[in-house]
>>> print(open('data_2.txt').read())   # compact mmCIF, C-alpha atoms
# COMPACT_ATOMS: atom_id res chain seq x y z
CA MET A 25 1.30 27.21 -7.80
CA SER A 26 3.64 24.28 -8.37
CA GLY A 27 5.65 21.82 -6.32
CA THR A 28 6.36 18.17 -5.52
CA VAL A 29 4.72 15.91 -2.92
CA TYR A 30 6.89 13.40 -1.03
CA ASP A 31 6.40 10.45 1.30
CA PRO A 32 6.70 11.10 5.06
CA ALA A 33 10.44 10.33 4.93
CA LYS A 34 10.92 13.10 2.32
CA ARG A 35 12.77 10.60 0.13
CA ASN A 36 10.45 9.56 -2.68
CA PRO A 37 7.93 11.66 -4.61
CA LEU A 38 4.38 10.32 -4.69
CA TYR A 39 2.00 9.65 -7.56
CA ASN A 40 -1.76 10.35 -7.68
CA VAL A 41 -1.87 12.59 -4.60
CA VAL A 42 -4.55 15.28 -4.71
CA VAL A 43 -3.37 18.82 -3.88
CA TYR A 44 -6.04 21.44 -3.21
CA VAL A 45 -6.85 24.79 -1.64
CA PRO A 46 -9.81 24.45 0.75
CA ASN A 47 -12.39 27.17 1.27
CA ALA A 48 -13.67 25.85 4.61
CA PRO A 49 -12.45 23.78 7.59
CA LEU A 50 -11.62 20.16 6.80
CA SER A 51 -13.98 17.46 8.06
CA PRO A 52 -12.66 14.59 10.20
CA ILE A 53 -11.79 11.43 8.26
CA PRO A 54 -13.76 8.38 9.49
CA THR A 55 -11.96 5.18 10.50
CA GLY A 56 -12.76 1.73 9.16
CA PRO A 57 -13.99 0.29 5.87
CA SER A 58 -16.49 2.35 3.91
CA CYS A 59 -17.68 2.70 0.33
CA ASP A 60 -16.25 6.13 -0.42
CA THR A 61 -16.30 7.72 -3.83
CA CYS A 62 -13.16 9.38 -5.13
CA ASN A 63 -14.43 12.81 -4.11
CA SER A 64 -16.26 11.99 -0.90
CA LEU A 65 -13.17 12.13 1.35
CA TYR A 66 -12.10 15.55 0.09
CA SER A 67 -13.59 18.24 2.30
CA GLY A 68 -13.30 21.99 2.80
CA ASP A 69 -15.04 22.90 -0.49
CA PRO A 70 -11.85 22.90 -2.60
CA LEU A 71 -11.42 26.02 -4.70
CA VAL A 72 -8.75 24.55 -6.97
CA ALA A 73 -7.26 21.07 -7.15
CA ALA A 74 -4.68 19.05 -9.06
CA THR A 75 -3.21 15.54 -8.96
CA THR A 76 0.49 14.69 -8.82
CA ALA A 77 2.15 13.07 -11.83
CA ALA A 78 4.40 9.99 -11.67
CA ASP A 79 7.32 12.20 -10.60
CA GLY A 80 5.28 13.73 -7.74
CA THR A 81 4.90 17.14 -9.38
CA PHE A 82 1.71 19.18 -9.65
CA THR A 83 0.52 22.53 -10.96
CA LEU A 84 -2.46 24.38 -9.52
CA LYS A 85 -4.10 27.05 -11.66
CA ASP A 86 -6.30 29.98 -10.58
CA VAL A 87 -4.99 29.81 -7.01
CA PRO A 88 -6.45 32.52 -4.73
CA VAL A 89 -3.93 35.25 -3.96
CA GLY A 90 -3.13 36.69 -0.55
CA LEU A 91 -1.52 35.79 2.75
CA GLN A 92 -1.67 32.50 4.67
CA ILE A 93 -3.24 30.39 1.92
CA PRO A 94 -4.05 26.86 3.15
CA LEU A 95 -2.90 23.91 1.01
CA VAL A 96 -3.91 20.26 1.50
CA VAL A 97 -2.20 17.14 0.16
CA GLN A 98 -4.22 13.94 0.36
CA VAL A 99 -4.40 10.38 -0.95
CA GLY A 100 -7.22 8.34 0.54
CA LYS A 101 -7.08 8.74 4.32
CA TRP A 102 -3.53 10.16 4.33
CA ARG A 103 -3.86 13.94 4.64
CA THR A 104 -1.88 16.94 5.79
CA GLN A 105 -2.45 20.68 5.56
CA THR A 106 0.13 23.41 5.40
CA VAL A 107 -0.03 27.17 4.98
CA ILE A 108 1.65 29.05 2.14
CA PRO A 109 2.77 32.43 3.56
CA ILE A 110 2.02 34.48 0.44
CA VAL A 111 0.61 33.91 -3.03
CA LEU A 112 1.20 36.81 -5.40
CA PRO A 113 -0.97 37.56 -8.44
CA CYS A 114 0.10 36.87 -12.03
CA LYS A 115 3.10 34.68 -11.18
CA ASN A 116 3.84 31.08 -10.28
CA THR A 117 4.32 30.36 -6.58
CA GLU A 118 6.94 27.60 -6.40
CA ILE A 119 6.78 25.56 -3.20
CA ALA A 120 10.27 24.83 -1.83
CA ASP A 121 11.34 21.22 -2.41
CA LYS A 122 10.64 18.73 0.43
CA THR A 123 8.06 21.10 1.93
CA LEU A 124 4.99 19.06 0.99
CA THR A 125 4.85 15.57 2.48
CA LEU A 126 2.31 13.16 3.86
CA PRO A 127 2.32 13.14 7.70
CA LYS A 128 4.77 11.02 9.67
CA SER A 129 2.59 11.12 12.80
CA ARG A 130 -1.02 11.74 13.75
CA PHE A 131 0.09 15.07 15.23
CA GLU A 132 1.05 16.31 11.74
CA GLY A 133 -2.11 15.21 9.96
CA ASP A 134 -4.29 12.21 9.17
CA ILE A 135 -2.93 8.67 8.78
CA PRO A 136 -5.07 5.59 8.06
CA ASN A 137 -5.61 3.24 10.97
CA ILE A 138 -3.27 0.38 10.01
CA ALA A 139 -3.08 -3.15 11.43
CA ILE A 140 0.01 -5.27 10.77
CA SER A 141 0.30 -8.99 11.38
CA THR A 142 3.99 -9.76 11.85
CA GLY A 143 5.61 -12.85 10.38
CA ALA A 144 8.76 -14.84 10.89
CA ALA A 145 9.71 -14.66 7.20
CA ASP A 146 9.03 -11.03 6.25
CA THR A 147 9.05 -7.54 7.79
CA LEU A 148 6.15 -5.52 6.40
CA GLU A 149 5.96 -3.74 9.74
CA CYS A 150 9.36 -2.18 9.05
CA LEU A 151 8.39 -0.84 5.65
CA LEU A 152 6.38 1.95 7.31
CA VAL A 153 9.42 2.98 9.37
CA ARG A 154 11.44 3.44 6.18
CA VAL A 155 8.53 5.19 4.46
CA GLY A 156 8.82 7.71 7.30
CA ILE A 157 6.16 6.83 9.90
CA ASP A 158 7.31 7.88 13.37
CA PRO A 159 8.02 4.92 15.72
CA SER A 160 5.74 6.55 18.31
CA GLU A 161 2.78 5.57 16.10
CA TYR A 162 3.46 1.86 16.76
CA GLY A 163 1.80 -0.09 19.55
CA PRO A 164 0.44 -3.51 20.52
CA GLY A 165 -3.09 -4.42 19.43
CA ALA A 166 -6.17 -2.42 18.56
CA SER A 167 -6.19 -0.32 21.74
CA SER A 168 -2.76 1.29 21.28
CA PRO A 169 -3.08 5.07 20.76
CA GLY A 170 -1.07 5.40 17.54
CA ARG A 171 -2.06 4.58 13.98
CA VAL A 172 0.07 1.44 13.48
CA HIS A 173 -1.26 -1.53 15.45
CA ILE A 174 0.89 -4.66 15.73
CA PHE A 175 -0.43 -8.22 16.03
CA GLN A 176 1.72 -11.36 16.30
CA GLY A 177 1.61 -13.90 13.51
CA ALA A 178 2.54 -17.52 14.24
CA PRO A 179 6.17 -18.60 14.80
CA THR A 180 7.49 -21.40 12.59
CA PRO A 181 10.15 -24.04 13.22
CA GLU A 182 12.18 -23.01 10.18
CA ALA A 183 11.85 -19.24 10.25
CA GLY A 184 11.79 -18.87 14.04
CA THR A 185 10.19 -16.23 16.25
CA VAL A 186 7.90 -13.50 15.02
CA PRO A 187 8.56 -9.80 15.60
CA ASP A 188 6.71 -8.41 18.61
CA THR A 189 6.24 -5.16 20.50
CA ASN A 190 7.27 -4.42 24.08
CA PRO A 191 4.88 -4.95 25.88
CA SER A 192 3.76 -7.89 23.82
CA ALA A 193 1.05 -7.64 21.16
CA PRO A 194 -1.97 -9.96 20.92
CA THR A 195 -1.94 -12.70 18.30
CA SER A 196 -3.39 -12.12 14.85
CA ALA A 197 -5.45 -15.32 14.96
CA SER A 198 -7.23 -14.34 18.18
CA SER A 199 -7.54 -10.56 17.87
CA LEU A 200 -7.22 -9.42 14.24
CA TRP A 201 -8.74 -11.70 11.64
CA ALA A 202 -11.07 -13.87 13.73
CA SER A 203 -14.03 -11.59 13.02
CA THR A 204 -15.16 -8.88 10.65
CA SER A 205 -15.72 -6.57 13.63
CA ASP A 206 -12.06 -6.91 14.69
CA LEU A 207 -10.86 -6.19 11.16
CA SER A 208 -13.26 -3.27 10.80
CA ALA A 209 -11.36 -1.18 13.35
CA PHE A 210 -8.79 -0.62 10.59
CA ASP A 211 -8.56 1.08 7.22
CA ILE A 212 -5.65 -1.05 5.99
CA VAL A 213 -4.43 -4.52 7.04
CA LEU A 214 -0.88 -5.69 6.20
CA LEU A 215 -0.22 -9.44 6.45
CA SER A 216 3.48 -10.30 6.64
CA CYS A 217 4.67 -13.77 5.56
CA GLN A 218 4.86 -16.21 8.48
CA GLY A 219 7.26 -18.72 6.89
CA GLU A 220 4.63 -21.37 6.18
CA PRO A 221 1.07 -21.33 4.81
CA THR A 222 -1.10 -19.25 7.12
CA SER A 223 -3.51 -21.37 9.17
CA VAL A 224 -6.92 -19.85 8.52
CA THR A 225 -10.39 -21.25 9.05
CA ALA A 226 -13.41 -20.92 6.78
CA ALA A 227 -14.78 -18.36 9.25
CA ASP A 228 -11.53 -16.36 9.02
CA GLN A 229 -11.77 -16.33 5.22
CA ASP A 230 -15.41 -15.22 5.40
CA ALA A 231 -14.42 -12.37 7.74
CA LEU A 232 -11.76 -11.09 5.34
CA VAL A 233 -14.16 -11.30 2.40
CA ALA A 234 -16.75 -9.26 4.33
CA TYR A 235 -14.15 -6.71 5.48
CA THR A 236 -12.76 -6.08 2.00
CA GLY A 237 -16.21 -6.11 0.45
CA ALA A 238 -17.22 -3.27 2.78
CA GLY A 239 -14.25 -1.15 1.67
CA GLY A 240 -11.31 -2.54 3.66
CA ARG A 241 -7.83 -2.66 2.14
CA VAL A 242 -5.44 -5.64 2.49
CA PHE A 243 -1.82 -6.23 1.48
CA ALA A 244 -0.79 -9.89 1.83
CA SER A 245 2.71 -11.33 1.45
CA HIS A 246 3.67 -14.80 0.12
CA TYR A 247 2.26 -17.57 2.35
CA HIS A 248 -0.80 -15.47 3.05
CA TYR A 249 -2.02 -16.85 -0.27
CA ALA A 250 -3.94 -19.17 2.08
CA TRP A 251 -6.66 -16.50 2.11
CA PHE A 252 -7.04 -16.57 -1.66
CA ASP A 253 -6.31 -20.00 -3.14
CA THR A 254 -9.22 -21.65 -1.27
CA GLY A 255 -12.52 -20.52 0.25
CA PRO A 256 -14.68 -17.72 -1.19
CA PHE A 257 -11.75 -15.91 -2.79
CA GLY A 258 -10.49 -19.23 -4.16
CA ALA A 259 -13.74 -19.64 -6.06
CA ASP A 260 -13.32 -16.26 -7.75
CA GLY A 261 -10.57 -17.29 -10.17
CA LEU A 262 -8.08 -14.67 -8.97
CA ALA A 263 -5.01 -16.56 -10.21
CA ARG A 264 -3.65 -19.96 -11.15
CA TRP A 265 -2.04 -21.10 -7.91
CA THR A 266 0.88 -23.48 -7.36
CA PRO A 267 1.01 -23.39 -3.53
CA GLN A 268 4.28 -24.10 -1.74
CA ASN A 269 6.32 -23.96 -4.90
CA LEU A 270 9.70 -24.82 -3.38
CA ALA A 271 11.81 -24.49 -6.56
CA ILE A 272 12.82 -20.92 -5.79
CA SER A 273 15.81 -18.68 -6.36
CA ASN A 274 17.37 -16.07 -4.12
CA TYR A 275 17.33 -13.41 -6.83
CA ALA A 276 15.24 -12.59 -9.88
CA ALA A 277 14.25 -9.70 -12.07
CA ALA A 278 10.68 -8.64 -12.71
CA GLU A 279 9.17 -7.02 -15.76
CA LEU A 280 6.62 -4.25 -15.38
CA VAL A 281 3.17 -5.05 -16.73
CA THR A 282 2.10 -2.05 -18.79
CA THR A 283 -0.67 -3.48 -20.98
CA LEU A 284 -4.09 -4.87 -20.13
CA PRO A 285 -5.17 -8.35 -21.30
CA ASN A 286 -7.04 -6.72 -24.19
CA GLY A 287 -3.84 -5.08 -25.42
CA GLN A 288 -4.78 -1.58 -24.29
CA PRO A 289 -2.42 0.44 -22.03
CA PHE A 290 -2.51 -0.24 -18.28
CA PRO A 291 -2.45 3.37 -16.97
CA LYS A 292 -1.25 2.73 -13.43
CA GLY A 293 1.25 0.12 -14.65
CA LEU A 294 2.79 2.76 -16.90
CA ALA A 295 2.85 5.16 -13.95
CA LEU A 296 4.60 2.56 -11.77
CA GLN A 297 7.20 1.99 -14.48
CA LYS A 298 7.92 5.71 -14.73
CA TRP A 299 7.89 6.17 -10.94
CA LEU A 300 10.37 3.33 -10.38
CA GLY A 301 12.62 4.98 -12.94
CA VAL A 302 12.32 8.35 -11.18
CA THR A 303 13.24 6.77 -7.83
CA GLY A 304 16.21 4.84 -9.26
CA ALA A 305 14.75 1.38 -8.61
CA LEU A 306 15.15 -0.14 -12.09
CA THR A 307 18.12 -1.91 -13.60
CA GLY A 308 17.95 -2.26 -17.35
CA GLY A 309 14.27 -1.44 -17.21
CA GLU A 310 13.51 -4.27 -14.75
CA LEU A 311 13.10 -4.54 -10.99
CA ASP A 312 15.71 -6.61 -9.15
CA ILE A 313 14.12 -8.81 -6.47
CA VAL A 314 15.66 -10.54 -3.46
CA ALA A 315 13.84 -13.71 -2.28
CA PRO A 316 11.12 -13.94 -4.94
CA ARG A 317 8.51 -16.70 -4.84
CA PHE A 318 6.52 -18.24 -7.67
CA ASP A 319 3.10 -19.29 -6.42
CA ALA A 320 0.70 -17.47 -8.73
CA VAL A 321 0.14 -16.64 -12.39
CA VAL A 322 -2.45 -14.06 -13.42
CA SER A 323 -3.54 -14.27 -17.04
CA ALA A 324 -6.42 -13.00 -19.17
CA THR A 325 -8.60 -15.82 -17.81
CA ASN A 326 -8.33 -14.34 -14.30
CA ALA A 327 -10.66 -11.44 -15.04
CA PRO A 328 -10.96 -10.03 -11.48
CA SER A 329 -7.18 -9.58 -11.06
CA GLN A 330 -4.61 -7.20 -12.49
CA ALA A 331 -0.94 -8.23 -12.65
CA TRP A 332 1.67 -5.51 -11.98
CA LEU A 333 5.00 -7.40 -11.98
CA SER A 334 5.97 -10.72 -13.53
CA SER A 335 9.23 -12.67 -13.42
CA ASP A 336 11.33 -12.30 -16.56
CA THR A 337 12.52 -14.97 -18.98
CA HIS A 338 15.70 -15.64 -16.97
CA SER A 339 13.87 -16.52 -13.75
CA ASP A 340 13.25 -20.04 -12.46
CA PHE A 341 9.60 -19.68 -13.42
CA PRO A 342 9.22 -17.12 -16.21
CA GLY A 343 5.93 -15.27 -16.29
CA SER A 344 5.04 -15.86 -12.64
CA THR A 345 3.13 -12.95 -11.14
CA GLU A 346 5.01 -11.19 -8.35
CA TYR A 347 2.40 -8.51 -7.60
CA PHE A 348 -1.27 -8.50 -8.46
CA SER A 349 -4.32 -6.62 -7.21
CA PHE A 350 -8.09 -6.97 -7.33
CA ASN A 351 -11.01 -4.83 -6.23
CA THR A 352 -13.80 -6.05 -3.97
CA PRO A 353 -16.49 -7.32 -3.83
CA VAL A 354 -15.07 -9.51 -6.58
CA ASN A 355 -17.04 -9.54 -9.83
CA ALA A 356 -16.39 -12.66 -11.88
CA ASP A 357 -16.34 -10.69 -15.14
CA GLY A 358 -13.88 -8.15 -13.79
CA GLY A 359 -16.50 -5.40 -13.79
CA ALA A 360 -16.33 -2.49 -11.35
CA ALA A 361 -19.98 -2.31 -10.24
CA GLY A 362 -20.33 -1.84 -6.48
CA GLN A 363 -16.63 -2.21 -5.68
CA CYS A 364 -15.13 -0.22 -2.81
CA GLY A 365 -12.35 -2.41 -1.31
CA ARG A 366 -8.97 -3.53 -2.62
CA VAL A 367 -6.44 -6.33 -2.10
CA VAL A 368 -2.80 -6.61 -3.18
CA PHE A 369 -0.96 -9.94 -3.14
CA SER A 370 2.85 -9.96 -3.21
CA ASP A 371 4.94 -13.05 -3.86
CA ILE A 372 8.03 -11.11 -2.79
CA HIS A 373 9.59 -10.94 0.67
CA VAL A 374 9.81 -7.19 0.65
CA GLY A 375 12.06 -7.01 3.72
CA ALA A 376 14.57 -9.53 2.38
CA ALA A 377 16.97 -6.84 1.17
CA SER A 378 16.77 -4.66 4.29
CA SER A 379 18.46 -6.57 7.18
CA ASP A 380 15.76 -5.83 9.71
CA TYR A 381 16.43 -7.10 13.25
CA GLY A 382 20.11 -7.59 12.44
CA ASN A 383 19.74 -10.33 9.81
CA PRO A 384 17.63 -12.73 11.89
CA SER A 385 18.07 -15.56 9.36
CA SER A 386 21.41 -16.27 11.02
CA ASN A 387 19.69 -16.66 14.41
CA PRO A 388 15.94 -17.38 14.05
CA ALA A 389 15.51 -17.50 17.83
CA SER A 390 16.81 -13.99 18.41
CA PRO A 391 14.28 -11.45 19.75
CA ARG A 392 12.84 -9.07 17.15
CA THR A 393 11.35 -5.96 18.72
CA VAL A 394 9.01 -3.72 16.71
CA PRO A 395 9.81 -1.04 15.67
CA THR A 396 13.22 -0.51 17.31
CA GLY A 397 14.74 -3.47 15.47
CA CYS A 398 13.81 -2.15 12.04
CA ALA A 399 16.54 -0.90 9.72
CA THR A 400 16.14 2.77 8.86
CA GLY A 401 18.03 3.15 5.60
CA GLU A 402 16.78 3.75 2.09
CA LEU A 403 14.06 1.57 0.65
CA SER A 404 15.36 -1.31 -1.45
CA PRO A 405 14.17 -1.44 -5.08
CA GLN A 406 11.49 -4.04 -4.28
CA GLU A 407 10.33 -1.98 -1.31
CA LYS A 408 10.00 1.05 -3.54
CA ALA A 409 7.55 -0.94 -5.65
CA LEU A 410 5.67 -1.79 -2.47
CA GLU A 411 5.60 1.86 -1.40
CA PHE A 412 3.90 2.71 -4.69
CA MET A 413 1.42 -0.14 -4.14
CA LEU A 414 0.79 0.93 -0.53
CA PHE A 415 -0.33 4.42 -1.49
CA ASP A 416 -2.28 3.07 -4.46
CA LEU A 417 -3.98 0.68 -2.03
CA SER A 418 -4.86 3.71 0.10
CA SER A 419 -6.42 5.68 -2.76
CA CYS A 420 -10.04 5.54 -3.90
CA VAL A 421 -11.04 2.38 -5.75
CA THR A 422 -11.27 2.70 -9.52
CA PRO A 423 -11.16 0.15 -12.37
CA ASP A 424 -7.58 -0.75 -13.27
CA SER A 425 -8.43 -0.31 -16.93
CA GLN A 426 -8.88 3.44 -16.39
CA PRO A 427 -6.48 6.19 -15.30
CA PRO A 428 -7.09 7.79 -11.89
CA PRO A 429 -9.99 10.23 -12.00
CA PRO A 430 -9.42 13.99 -11.98
CA PRO A 431 -9.46 15.78 -8.64
CA PRO A 432 -12.66 17.24 -7.19
CA PRO A 433 -14.04 20.10 -9.30
CA PRO A 434 -14.16 23.61 -7.85
CA PRO A 435 -17.52 25.02 -6.80
CA ASN A 436 -19.95 26.08 -9.53
CA LYS A 437 -17.85 24.50 -12.30
>>> encode(input="data_2.txt", output="structure tokens")
Amino acid sequence: MSGTVYDPAKRNPLYNVVVYVPNAPLSPIPTGPSCDTCNSLYSGDPLVAATTAADGTFTLKDVPVGLQIPLVVQVGKWRTQTVIPIVLPCKNTEIADKTLTLPKSRFEGDIPNIAISTGAADTLECLLVRVGIDPSEYGPGASSPGRVHIFQGAPTPEAGTVPDTNPSAPTSASSLWASTSDLSAFDIVLLSCQGEPTSVTAADQDALVAYTGAGGRVFASHYHYAWFDTGPFGADGLARWTPQNLAISNYAAAELVTTLPNGQPFPKGLALQKWLGVTGALTGGELDIVAPRFDAVVSATNAPSQAWLSSDTHSDFPGSTEYFSFNTPVNADGGAAGQCGRVVFSDIHVGAASSDYGNPSSNPASPRTVPTGCATGELSPQEKALEFMLFDLSSCVTPDSQPPPPPPPPPNK
């Protein structure tokens, strides 16, 4: 059996998604941080399994033949199941294109429980709309019934108001990151740039360290470096920081990092490079970026971190790291022992090229309602890179020096 797996919007193929035929009912997926192994979330006693390549394609061998064969696609806590009407013996069953996707709503399958802190200077909350998540999944605060929970970041004098839901969402400082227990209601936390360094206390930083150390996943944009350049994460040597670097440009190009500090290939970096080419995001082999920032450099001395994108030689600050990731709990030597959480830091305003809320930079005081004010067009090139990182963030935690592990083995093999 062969086919291609797509994002919920049916626009972009997806890398490192496990496709399998279950032999029993699927178990519910738990919510919140947990130390899961790469096979522990896959249920239903898979008979055969395969993993998608960088172009989203897969091939399953030794598929059971017959009528109404169930097929599951899953990456981390994203999961959907479909039924293939007939599988004939001794021939390849080709799944029609755009048939296999991750779910766009909780009524189609499983979606991680996601918290998003909005910000005046970026629109991470709108990325999920363009990835294909149904607007009905959005709601204010932890108690909303959907899988995308909005919290208000702080407004800033320069960038203006922050996006909000209707009715209004609680603030991030009071209801999202003030305690580990608040954070632990969620599988993934997205922190959108607020337009100035995020005001966090030592207790806030401790809560985020505990959440990620227990298996939580965090994506933080630009000024949310305040979580990482000081406090417990600041002591881990994640990057060389130049906070509030104001010598910035409106445009830049980023090079893909495809080798590890020891000179060996970076497997997922090579996959990202190929995937961005497949999705048409590269220009001359590089990624064009709108509104880049230059606050961090990850080098070989920053053992816990892995750079993914760096500004090219024509940028204001060549060699600055635009995306980097690290696994948690952080090990100073970069080792993988006991790690089950993951963090991605982006020094890119991913929504800068998307005109969410009708270009609010021209009127910072204008209301910005989530998600109805989000643009719904194609992902920009820099957002495509973020989509790749989002689903990688969702997947099981493995050392960046190694390729993703093979899918779960069939029984008795």
>>> residues_around(input="data_2.txt", residues="Leu262 of chain A", least_positions_apart="2", cutoff="8 Å", atoms="all atoms listed in the file", output="PDB file with C-alpha atoms, in the coordinates of the input")
ATOM      1  CA  PHE A 252      -7.040 -16.570  -1.660  1.00  0.00           C
ATOM      2  CA  PHE A 257     -11.750 -15.910  -2.790  1.00  0.00           C
ATOM      3  CA  GLY A 258     -10.490 -19.230  -4.160  1.00  0.00           C
ATOM      4  CA  ASP A 260     -13.320 -16.260  -7.750  1.00  0.00           C
ATOM      5  CA  ARG A 264      -3.650 -19.960 -11.150  1.00  0.00           C
ATOM      6  CA  VAL A 322      -2.450 -14.060 -13.420  1.00  0.00           C
ATOM      7  CA  ASN A 326      -8.330 -14.340 -14.300  1.00  0.00           C
ATOM      8  CA  ALA A 327     -10.660 -11.440 -15.040  1.00  0.00           C
ATOM      9  CA  PRO A 328     -10.960 -10.030 -11.480  1.00  0.00           C
ATOM     10  CA  SER A 329      -7.180  -9.580 -11.060  1.00  0.00           C
ATOM     11  CA  PHE A 350      -8.090  -6.970  -7.330  1.00  0.00           C
TER      12      PHE A 350
END
>>> closest_atom_pairs(input="data_2.txt", of="segment 314-354 of chain A", to="segment 218-237 of chain A", cutoff="12 Å", atoms="all atoms listed in the file", output="tab-separated table")
residue	atom	partner	partner_atom	distance
A:Arg317	CA	A:Gly219	CA	12.0
A:Asp319	CA	A:Pro221	CA	11.6
A:Phe350	CA	A:Thr236	CA	10.5
A:Asn351	CA	A:Thr236	CA	8.5
A:Thr352	CA	A:Gly237	CA	5.0
A:Pro353	CA	A:Gly237	CA	4.5
A:Val354	CA	A:Gly237	CA	7.9
>>> closest_atom_pairs(input="data_2.txt", of="segment 279-355 of chain A", to="segment 399-417 of chain A", cutoff="9 Å", atoms="all atoms listed in the file", output="Markdown table")
| residue | atom | partner | partner_atom | distance |
| --- | --- | --- | --- | --- |
| A:Leu296 | CA | A:Phe412 | CA | 7.1 |
| A:Trp299 | CA | A:Phe412 | CA | 8.2 |
| A:Leu300 | CA | A:Ala409 | CA | 7.0 |
| A:Thr303 | CA | A:Lys408 | CA | 7.8 |
| A:Gly304 | CA | A:Pro405 | CA | 7.8 |
| A:Ala305 | CA | A:Pro405 | CA | 4.6 |
| A:Leu306 | CA | A:Pro405 | CA | 7.2 |
| A:Leu311 | CA | A:Pro405 | CA | 6.8 |
| A:Asp312 | CA | A:Pro405 | CA | 6.8 |
| A:Ile313 | CA | A:Gln406 | CA | 5.9 |
| A:Val314 | CA | A:Gln406 | CA | 7.8 |
| A:Ser349 | CA | A:Leu417 | CA | 9.0 |
>>> atom_distance(input="data_2.txt", atom1="atom CA of Ser196 of chain A", atom2="atom CA of Leu152 of chain A")
18.7 Å
>>> closest_residue(input="data_2.txt", among="A:Thr204, A:Ser378, A:Gln105, A:Thr325", to="Gly56 of chain A", atoms="only C-alpha atoms")
A:Thr204
>>> closest_residue(input="data_2.txt", among="A:Ala320, A:Ala276, A:Phe369, A:Gly309", to="Ser335 of chain A", atoms="all atoms listed in the file")
A:Ala276
>>> atom_distance(input="data_2.txt", atom1="atom CA of Ile110 of chain A", atom2="atom CA of Val43 of chain A")
17.1 Å
>>> closest_residue(input="data_2.txt", among="A:Asp69, A:Asp31, A:Asp146, A:Asp357", to="Ala377 of chain A", atoms="all atoms listed in the file")
A:Asp146
>>> atom_distance(input="data_2.txt", atom1="atom CA of Ala263 of chain A", atom2="atom CA of Asp206 of chain A")
27.6 Å
>>> residues_near_point(input="data_2.txt", point="(9.6, -20.8, -8.6)", cutoff="12 Å", atoms="all atoms listed in the file", output="ChimeraX atom specification")
/A:265-276,315-321,334-336,338-346,371-372
>>> closest_residue(input="data_2.txt", among="A:Pro391, A:Pro49, A:Pro285, A:Thr422", to="Ala361 of chain A", atoms="all atoms listed in the file")
A:Thr422
>>> closest_residue(input="data_2.txt", among="A:Cys364, A:Ala74, A:Gly375, A:Phe290", to="Cys62 of chain A", atoms="all atoms listed in the file")
A:Cys364
>>> build_atoms(input="data_2.txt", residues="segment 395-407 of chain A", atoms="N, CA and C atoms", output="short mmCIF file (atom, residue, chain, number, x, y, z; two decimals), in the frame of the given file")
data_model
loop_
_atom_site.label_atom_id
_atom_site.label_comp_id
_atom_site.auth_asym_id
_atom_site.auth_seq_id
_atom_site.Cartn_x
_atom_site.Cartn_y
_atom_site.Cartn_z
N PRO A 395 9.10 -1.25 16.94
CA PRO A 395 9.81 -1.04 15.67
C PRO A 395 11.29 -0.78 15.84
N THR A 396 11.82 -0.91 17.08
CA THR A 396 13.22 -0.51 17.31
C THR A 396 14.22 -1.37 16.57
N GLY A 397 13.82 -2.59 16.19
CA GLY A 397 14.74 -3.47 15.47
C GLY A 397 14.71 -3.30 13.97
N CYS A 398 13.92 -2.37 13.48
CA CYS A 398 13.81 -2.15 12.04
C CYS A 398 14.97 -1.32 11.52
N ALA A 399 15.52 -1.72 10.37
CA ALA A 399 16.54 -0.90 9.72
C ALA A 399 15.89 0.39 9.23
N THR A 400 16.69 1.45 9.18
CA THR A 400 16.14 2.77 8.86
C THR A 400 16.75 3.40 7.61
N GLY A 401 17.39 2.59 6.79
CA GLY A 401 18.03 3.15 5.60
C GLY A 401 17.05 3.39 4.47
N GLU A 402 17.60 3.55 3.28
CA GLU A 402 16.78 3.75 2.09
C GLU A 402 15.95 2.51 1.79
N LEU A 403 14.84 2.70 1.12
CA LEU A 403 14.06 1.57 0.65
C LEU A 403 14.84 0.82 -0.43
N SER A 404 14.79 -0.51 -0.38
CA SER A 404 15.36 -1.31 -1.45
C SER A 404 14.49 -1.16 -2.70
N PRO A 405 14.99 -1.55 -3.88
CA PRO A 405 14.17 -1.44 -5.08
C PRO A 405 12.81 -2.13 -4.95
N GLN A 406 12.78 -3.35 -4.39
CA GLN A 406 11.49 -4.04 -4.28
C GLN A 406 10.58 -3.36 -3.26
N GLU A 407 11.16 -2.72 -2.25
CA GLU A 407 10.33 -1.98 -1.31
C GLU A 407 9.78 -0.70 -1.92
#
